[in-house]
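A.B. asks: My structure is below; once you've seen it, I'll send some questions.
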Amino acid sequence: MKAGPLAGIRVLDLTRVLAGPFCTMMLGEQGAEIIKIETPNGGDDARHIGPFIDGRSGYFMSINRGKKSIALDLKAAEDRAHFERLLETADVLVENYRGGTMEKLGFGWAALHARYPRLIYCAISGFGHTGPYAARPAYDMIVQAMGGVMSVTGYPGQPPARVGVSVGDLAAGLYGAGAIQGALFHRERTGETQKLDISMLDCQVTLLENAIAQTHVRGAPPGPIGARHPAIAPFGMFRARDGYLAIAAGNDALFATLCTALGLDALHGDPRFATNPARMEHVDALTDAMNAALAAADRADWFARLEAAGIPCGPINTVADVMADPQVAARNMIVHIDDEAGPFPTPGNPVKSSIFPDPATRPAAPRLDQHRAEILGQL
């Protein structure tokens with residue numbers, strides 16, 4: 001079985017907690033060998049963040065599966081020598097220290113590039129290595145707040161709300177993984193390597209696709225609008241007799257079909273709802289009319305009718321619902337880590353390939369320094 005398109009690529013992973021480990025996990029899912037270099041005194045901070053199973057962090061397990069761990073103190077001469085020998089064998093180095101930390105250790109980009117010209121260097125940090133905030137520390141919460149995402153999340157009149165998953169970290173990890181693969185392709189074609197500077201704040205700004213356009217056109221920034229879409233209607237959460245469902249009629253043709261399915265043909269002929277701009281202007285009236293019609297039946301009945309009519313719709317799933325969903329199962333999106341504590345569920349790989357396997361299990365996350373003898377033995 002082929003391991004993946006990055007088989008044979010060795011990545012030195014100097015990252016911890018989430019953004020960097022998520023980046024290197026994605027590279028591992030594509031077949032790269034990930035050597036996780038941790039501090040001897042406790043290792044990755046994520047090892048100490050719950051939930052815990054048999055004393056081990058499920059949080060750490062889920063984003064460090066299949067990696068190899070070696071503990072090195074990069075301020076100690078012997079461990080620095082081990083690290084330098086590892087650099088001779090590596091294709092990629094990923095770190096998520098605050099800007100300037102690697103330079104203080106003597107392992108900044110300029111020094112490494114001179115000694116290891118085939119090495120690609122990826123730095124993931126809160127604010128990047130340039131600009132007035134470069135030296136600041138950051139966590140997901142900070143960049144969600146500073147990046148504008150929190151200002152458009154939640155409901156009007158309520159306190160600012162963090163997105164329920166760590167999009168500050170995850171976006172940076174995804175951009176980092178994509179950039180590294182692009183850099184590997186560039187090296188393959190030209191022999192040239194590069195430093196990649198990934199800022200968590202930058203990555204949040206890229207998620208403001210419509211919000212920046214709205215601010216420019218309207219002259220004022222948008223605020224939170226709950227589950228509604230800022231520019232399309234009807235496109236949001238609606239209430240049936242027994243609970244909520246999501247409906248998205250993203251164009252005029254779908255809206256006409258939706259009106260028929262809901263028994264609201266009069267809405268289609270109403271000039272307030274004839275076009276998407278008109279529907280946005282009268283979105284509250286439209287929502288009230290749809291909720292009144294939907295209240296006549298349960299969600300299951302409406303799903304059957306709307307799906308038969310070709311209207312995009314879906315339930316408001318809990319995480320437990322997602323884990324039990326037949327489509328998620330069919331796509332192998334809940335895989336299990338082969339851990340000594342027993343099979344541990346974790347998200348699968350959303351990249352499905354026609355030539356590389358997508359097994360239902362993944363190797364376990366490493367114990368701290370578990371692979372020291374193996375790694376040093378290879379050197």
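Going through the structure tokens in order, the chains are called A, B, and so on, while each chain numbers its residues from 1 and the ligands are numbered from 1 in the order shown.
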With only C-alpha atoms as the counted atoms, please give the residues lying no more than 8 Å from Ala135 (chain A), apart from itself and same-chain residues fewer than 4 positions off, as an mmCIF file with C-alpha atoms, in the first residue's frame.

C.D. replies:
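This is the output file result-v4.cif:
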```cif
data_model
loop_
_atom_site.group_PDB
_atom_site.id
_atom_site.type_symbol
_atom_site.label_atom_id
_atom_site.label_comp_id
_atom_site.auth_asym_id
_atom_site.auth_seq_id
_atom_site.Cartn_x
_atom_site.Cartn_y
_atom_site.Cartn_z
ATOM 1 C CA ARG A 98 7.179 33.388 19.250
ATOM 2 C CA GLY A 99 9.134 35.354 16.634
ATOM 3 C CA GLY A 100 12.851 35.566 17.408
ATOM 4 C CA PHE A 127 1.381 37.587 14.386
ATOM 5 C CA HIS A 129 7.809 37.584 12.024
#
```

A.B. asks: Please identify all polymer residues within 12 Å of Ala231 (chain A), counting only C-alpha atoms, omitting same-chain residues fewer than 4 positions from it, and present them as number ranges by chain.

C.D. replies: A: 209-211, 213-214, 222, 225, 235-236, 248-251, 275-281, 283

A.B. asks: Any idea what the distance is between CA of Gly128 (chain A) and CA of Thr215 (chain A)?

C.D. replies: 25.0 Å

A.B. asks: Please identify which residues in region 194-302 of chain A DSSP calls helix (DSSP H, G or I) from the backbone, and express them as a PDB file with C-alpha atoms, in the first residue's frame.

C.D. replies:
```
ATOM      1  CA  MET A 200      -2.524  33.188  12.876  1.00  0.00           C
ATOM      2  CA  LEU A 201      -3.895  36.740  12.652  1.00  0.00           C
ATOM      3  CA  ASP A 202      -3.268  36.831   8.891  1.00  0.00           C
ATOM      4  CA  CYS A 203      -5.187  33.598   8.492  1.00  0.00           C
ATOM      5  CA  GLN A 204      -8.165  35.046  10.378  1.00  0.00           C
ATOM      6  CA  VAL A 205      -8.182  38.035   8.036  1.00  0.00           C
ATOM      7  CA  THR A 206      -8.454  35.693   5.035  1.00  0.00           C
ATOM      8  CA  GLU A 209     -14.227  37.142   2.676  1.00  0.00           C
ATOM      9  CA  ASN A 210     -17.632  38.813   2.690  1.00  0.00           C
ATOM     10  CA  ALA A 211     -17.209  40.950   5.797  1.00  0.00           C
ATOM     11  CA  ILE A 212     -14.436  43.064   4.272  1.00  0.00           C
ATOM     12  CA  ALA A 213     -16.463  43.559   1.097  1.00  0.00           C
ATOM     13  CA  GLN A 214     -19.492  44.617   3.149  1.00  0.00           C
ATOM     14  CA  THR A 215     -17.438  47.078   5.168  1.00  0.00           C
ATOM     15  CA  HIS A 216     -16.039  48.680   2.020  1.00  0.00           C
ATOM     16  CA  VAL A 217     -19.353  48.887   0.156  1.00  0.00           C
ATOM     17  CA  ARG A 218     -21.566  49.946   3.071  1.00  0.00           C
ATOM     18  CA  ASP A 252     -34.065  32.728  -7.242  1.00  0.00           C
ATOM     19  CA  ALA A 253     -34.871  29.361  -8.829  1.00  0.00           C
ATOM     20  CA  LEU A 254     -34.296  27.518  -5.565  1.00  0.00           C
ATOM     21  CA  PHE A 255     -36.412  30.079  -3.733  1.00  0.00           C
ATOM     22  CA  ALA A 256     -39.333  29.486  -6.108  1.00  0.00           C
ATOM     23  CA  THR A 257     -39.021  25.732  -5.561  1.00  0.00           C
ATOM     24  CA  LEU A 258     -38.834  26.242  -1.803  1.00  0.00           C
ATOM     25  CA  CYS A 259     -42.017  28.336  -1.812  1.00  0.00           C
ATOM     26  CA  THR A 260     -43.875  25.520  -3.571  1.00  0.00           C
ATOM     27  CA  ALA A 261     -42.497  22.897  -1.159  1.00  0.00           C
ATOM     28  CA  LEU A 262     -43.577  24.984   1.843  1.00  0.00           C
ATOM     29  CA  ASP A 265     -46.517  30.175  -3.521  1.00  0.00           C
ATOM     30  CA  ALA A 266     -47.840  33.639  -2.685  1.00  0.00           C
ATOM     31  CA  LEU A 267     -44.376  34.620  -1.449  1.00  0.00           C
ATOM     32  CA  HIS A 268     -42.859  33.923  -4.838  1.00  0.00           C
ATOM     33  CA  PRO A 271     -42.301  41.907  -4.855  1.00  0.00           C
ATOM     34  CA  ARG A 272     -40.673  41.973  -1.387  1.00  0.00           C
ATOM     35  CA  PHE A 273     -39.219  38.539  -2.133  1.00  0.00           C
ATOM     36  CA  ASN A 276     -32.276  38.151  -3.437  1.00  0.00           C
ATOM     37  CA  PRO A 277     -31.600  41.861  -2.658  1.00  0.00           C
ATOM     38  CA  ALA A 278     -35.323  42.302  -1.956  1.00  0.00           C
ATOM     39  CA  ARG A 279     -35.375  39.209   0.245  1.00  0.00           C
ATOM     40  CA  MET A 280     -32.392  40.510   2.203  1.00  0.00           C
ATOM     41  CA  GLU A 281     -34.183  43.809   2.731  1.00  0.00           C
ATOM     42  CA  VAL A 283     -35.469  39.014   5.661  1.00  0.00           C
ATOM     43  CA  ASP A 284     -37.328  39.208   8.971  1.00  0.00           C
ATOM     44  CA  ALA A 285     -40.729  39.043   7.282  1.00  0.00           C
ATOM     45  CA  LEU A 286     -39.520  36.171   5.121  1.00  0.00           C
ATOM     46  CA  THR A 287     -38.217  34.285   8.148  1.00  0.00           C
ATOM     47  CA  ASP A 288     -41.496  34.752  10.007  1.00  0.00           C
ATOM     48  CA  ALA A 289     -43.502  33.432   7.048  1.00  0.00           C
ATOM     49  CA  MET A 290     -41.264  30.388   6.659  1.00  0.00           C
ATOM     50  CA  ASN A 291     -41.307  29.588  10.384  1.00  0.00           C
ATOM     51  CA  ALA A 292     -45.127  29.798  10.391  1.00  0.00           C
ATOM     52  CA  ALA A 293     -45.329  27.287   7.531  1.00  0.00           C
ATOM     53  CA  LEU A 294     -42.671  24.984   8.988  1.00  0.00           C
ATOM     54  CA  ARG A 299     -38.340  18.168  10.864  1.00  0.00           C
ATOM     55  CA  ALA A 300     -38.330  14.634   9.431  1.00  0.00           C
ATOM     56  CA  ASP A 301     -41.382  15.449   7.317  1.00  0.00           C
ATOM     57  CA  TRP A 302     -39.815  18.631   6.035  1.00  0.00           C
TER      58      TRP A 302
END
```

A.B. asks: DSSP on the backbone, then: every residue of region 105-241 of chain A marked strand (DSSP E or B), written as an MDAnalysis selection string.

C.D. replies: chainID A and resid 120:125 195:199 235:240

A.B. asks: I need the chosen residues saved as a JSON list (two decimals), in the first residue's frame, with C-alpha atoms.

C.D. replies:
```json
[["chain", "number", "residue", "atom", "x", "y", "z"],
["A", 120, "ILE", "CA", 12.13, 24.16, 3.97],
["A", 121, "TYR", "CA", 11.41, 26.22, 7.08],
["A", 122, "CYS", "CA", 7.84, 26.95, 8.21],
["A", 123, "ALA", "CA", 7.21, 29.27, 11.17],
["A", 124, "ILE", "CA", 3.67, 29.48, 12.55],
["A", 125, "SER", "CA", 3.14, 32.23, 15.11],
["A", 195, "LYS", "CA", 11.06, 30.22, 4.69],
["A", 196, "LEU", "CA", 7.28, 30.25, 5.16],
["A", 197, "ASP", "CA", 5.99, 32.80, 7.68],
["A", 198, "ILE", "CA", 2.42, 31.92, 8.74],
["A", 199, "SER", "CA", 0.60, 34.34, 11.03],
["A", 235, "PHE", "CA", -30.11, 31.00, 4.12],
["A", 236, "GLY", "CA", -30.08, 30.09, 7.79],
["A", 237, "MET", "CA", -31.78, 28.30, 10.66],
["A", 238, "PHE", "CA", -35.56, 27.87, 10.78],
["A", 239, "ARG", "CA", -37.94, 26.25, 13.27],
["A", 240, "ALA", "CA", -40.20, 23.29, 12.50]]
```

A.B. asks: Closest to Gly157 (chain A) among A:Gly226, A:Pro132, A:Asp298, A:Met25, using only C-alpha atoms?

C.D. replies: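 So, comparing all the options, the nearest one is A:Gly226.
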
A.B. asks: Listing only residues of region 25-54 of chain A within 10 Å of region 345-353 of chain A, what is the closest atom pair and its distance in Å (to one decimal) for each, using only C-alpha atoms, sorted by chain and residue number ascending, as JSON lines?

C.D. replies:
```
{"residue": "A:Met25", "atom": "CA", "partner": "A:Asn349", "partner_atom": "CA", "distance": 9.9}
{"residue": "A:Met26", "atom": "CA", "partner": "A:Asn349", "partner_atom": "CA", "distance": 8.0}
{"residue": "A:Glu29", "atom": "CA", "partner": "A:Asn349", "partner_atom": "CA", "distance": 6.8}
{"residue": "A:Gln30", "atom": "CA", "partner": "A:Val351", "partner_atom": "CA", "distance": 8.8}
```

A.B. asks: Would you put the residues from that selection into a file with C-alpha atoms, as a JSON list (two decimals), in the first residue's frame?

C.D. replies:
```
[["chain", "number", "residue", "atom", "x", "y", "z"],
["A", 25, "MET", "CA", -0.66, 16.00, 11.37],
["A", 26, "MET", "CA", -2.06, 16.99, 7.98],
["A", 29, "GLU", "CA", -1.93, 12.17, 6.70],
["A", 30, "GLN", "CA", -0.31, 12.70, 3.29]]
```
